[in-house]
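**Q** First the structure, which I've put down as C-alpha cells, then a few questions once you've had a look.
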Amino acid sequence: MIPTPDIGHLRQPKYRDNVYDPAEDTFALMDALEQDIDTLKALDASLCVEIGTGSGCVSAFVSQILGTSAAYICTDINARATECTIETGARNKVSLQPVLTSSVEALRPRVDGAVDLLIFNPPYVVTTEEEEEAGQVRAGLDGAWAGGASGTKILDTLIQNHTIPQLLRRGGRFYVVAIRQNDPPSLVRAMQSIGLEASIVLQRRANREQLFIIRAIRP
C-alpha cells in the first residue's frame, strides 16, 4: 500500500482556512490510481498534470507511482493552494510545479498531446450558476466545491471543447472524481463521444455521498 503523503502543514491557519483539505473524494481518487499501479508504471510517464490541485496531495501520491523523474504540473486558481502545493512537494521530496491558472488555460498549447496522466478532482457540488461563478471569481475555498447546476460545469467545458483528448498523448489516461448527482454514466458517454475509452473504475459511499472515479484513455 502506498502511504498517504505528508500534509501536516495544512494545519497552519493560512492553509486550513483557504485550501481544500484532502477528504474521502481525495482518497477514492488515490485508491483508483493505486488500483492501476502496474499500468501507470508501464506508461513510462514524463508529464503528469493535475487540474485543481488544492494541497498537492494527489500529485505527491502519484509521484510514488511514476517516480520523481516525471514532471508534475499542478494548476489551481487559488494562490494559497499553489503555495501549499510547493510545500507538499518539499515535504514529500518531489518537485511539484504549481501554475496559477483556471483549469489548463496557461498550459496550452504547449502541453497538448504530451500529457501521460491527467487528474482532476473537480468542483462537483450542485449549486446555482451564480455560486459557481462567484467561487471561480473569488478563487478561494468555495471555488474547490461549487460546481454549478449539474455540479460539472468545468468538467463539461473540458469535454465539450475536446480538451481532454487534445492534452493526452496516445495511451494517456485521465482520472476524474464525480458524485451521483453529476450523472456519472452520462459523463462516461460524453467522454466516449469525443473518442475516449471511458468507464467507471471505482464506486464508494462516503457518508451521504456516492463517489465515482471515471477513467478515460486516449486510444
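Within each chain, counting starts at residue 1; across the C-alpha cells, chains are named A, B, ... in the order shown, with ligands numbered 1 upward in that order.
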Determine, counting only C-alpha atoms, which protein, DNA and RNA residues have an atom within 10 Å of an atom of segment 97-113 of chain A; residues of the same chain fewer than 5 positions away are not included. Present the result as number ranges by chain.
**A** A: 47, 49-54, 56, 59, 71-86, 89, 120, 122, 136, 139, 154-155, 157-158, 163-170, 172
**Q** Excluding Thr4 of chain A and any residue of its chain fewer than 5 positions from it, enumerate the residues within 9 Å of it, using only C-alpha atoms, and give them as a PyMOL selection string.
**A** chain A and resi 27+30+57-58+60-61
**Q** With N, CA, C and O atoms retained, write the just-selected residues as a CSV table (one decimal), in the first residue's frame.
**A**
chain,number,residue,atom,x,y,z
A,27,PHE,N,-9.2,10.4,-1.3
A,27,PHE,CA,-8.7,9.1,-1.0
A,27,PHE,C,-9.2,8.1,-2.0
A,27,PHE,O,-8.5,7.1,-2.4
A,30,MET,N,-7.1,8.5,-5.1
A,30,MET,CA,-5.8,7.9,-4.9
A,30,MET,C,-5.9,6.4,-4.9
A,30,MET,O,-5.0,5.7,-5.5
A,57,CYS,N,-1.7,17.0,-2.6
A,57,CYS,CA,-1.6,15.7,-2.0
A,57,CYS,C,-1.6,14.6,-3.1
A,57,CYS,O,-0.8,13.6,-3.1
A,58,VAL,N,-2.6,14.7,-4.1
A,58,VAL,CA,-2.7,13.6,-5.1
A,58,VAL,C,-1.5,13.6,-6.0
A,58,VAL,O,-1.0,12.5,-6.3
A,60,ALA,N,1.6,14.4,-5.2
A,60,ALA,CA,2.6,13.8,-4.4
A,60,ALA,C,2.5,12.3,-4.3
A,60,ALA,O,3.4,11.6,-4.3
A,61,PHE,N,1.2,11.9,-4.2
A,61,PHE,CA,0.9,10.5,-4.1
A,61,PHE,C,1.3,9.8,-5.5
A,61,PHE,O,2.0,8.8,-5.5
**Q** Using backbone DSSP assignments, extract all alpha helix (DSSP H) residues from segment 14-139 of chain A; output them as a ChimeraX atom specification.
**A** /A:14-16,24-35,37-42,57-66,79-91,129-138
**Q** Looking only at strand (DSSP E or B) from DSSP on the backbone, list the matching residues of segment 16-140 of chain A as a PyMOL selection string.
**A** chain A and resi 47-51+71-76+96-100+115-120+125
**Q** I'd like the interatomic distance between atom CA of Asn121 of chain A and atom CA of Ala42 of chain A, to a tenth of an Å.
**A**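 Between these atoms lies a distance of 23.4 Å.
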**Q** Extract, using only C-alpha atoms, all DNA, RNA and protein residues at most 9 Å from Gly67 of chain A, discarding same-chain residues fewer than 2 positions from it, and format them as a ChimeraX atom specification.
**A** /A:41,45,62-65,69-70,94
**Q** Would you mind telling me which residue in A:Glu87, A:Leu141, A:Ala32, A:Val115 lies nearest to Arg16 of chain A when using only C-alpha atoms?
**A**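 For Arg16 of chain A, the nearest of the given residues is A:Leu141.
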**Q** Need to verify the contact set: Leu117 of chain A, 6 Å, only C-alpha atoms, exclusion of same-chain residues closer than 6 positions in sequence. Can you return it as an mmCIF file with N, CA and C atoms, in the first residue's frame?
**A**
data_model
loop_
_atom_site.group_PDB
_atom_site.id
_atom_site.type_symbol
_atom_site.label_atom_id
_atom_site.label_comp_id
_atom_site.auth_asym_id
_atom_site.auth_seq_id
_atom_site.Cartn_x
_atom_site.Cartn_y
_atom_site.Cartn_z
ATOM 1 N N CYS A 48 2.841 14.604 -15.831
ATOM 2 C CA CYS A 48 1.575 14.440 -15.126
ATOM 3 C C CYS A 48 1.022 15.832 -14.855
ATOM 4 N N GLY A 172 -2.458 7.953 -23.110
ATOM 5 C CA GLY A 172 -2.532 8.757 -21.899
ATOM 6 C C GLY A 172 -3.858 8.561 -21.183
ATOM 7 N N ARG A 173 -3.839 8.787 -19.867
ATOM 8 C CA ARG A 173 -5.005 8.491 -19.030
ATOM 9 C C ARG A 173 -5.487 9.719 -18.275
ATOM 10 N N PHE A 174 -6.807 9.769 -18.114
ATOM 11 C CA PHE A 174 -7.476 10.838 -17.375
ATOM 12 C C PHE A 174 -8.320 10.207 -16.281
#
**Q** Do you have the atom CA of Leu43 of chain A-atom CA of Gly171 of chain A distance handy?
**A**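 Rounded to one decimal, the two atoms are 7.9 Å apart.
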**Q** When you count only C-alpha atoms, which of these residues is closest to Thr152 of chain A: A:Gly135, A:Gly140, A:Pro123, A:Gly8?
**A**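 Of all the options, A:Pro123 lies closest to Thr152 of chain A.
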**Q** Smallest atom-to-atom distance to Asp142 of chain A: which of A:Pro3, A:Asp116, A:Val125, A:Ala216, using only C-alpha atoms?
**A**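 Looking at the shortest contact to Asp142 of chain A, the residue is A:Val125.
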**Q** What does the distance from atom CA of Ser95 of chain A to atom CA of Asn18 of chain A come to in Å, to one decimal?
**A**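 Distance between the two atoms: 22.2 Å.
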**Q** Please identify all polymer residues within 9 Å of Asp31 of chain A, counting only C-alpha atoms, omitting same-chain residues fewer than 5 positions from it, and present them as a ChimeraX atom specification.
**A** /A:26,36,202
**Q** Considering only C-alpha atoms, state which residue in the set A:Ala144, A:Leu10, A:Leu66, A:Ile2 is at the smallest distance from Thr39 of chain A.
**A**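 Result for the nearest residue to Thr39 of chain A: A:Leu66.
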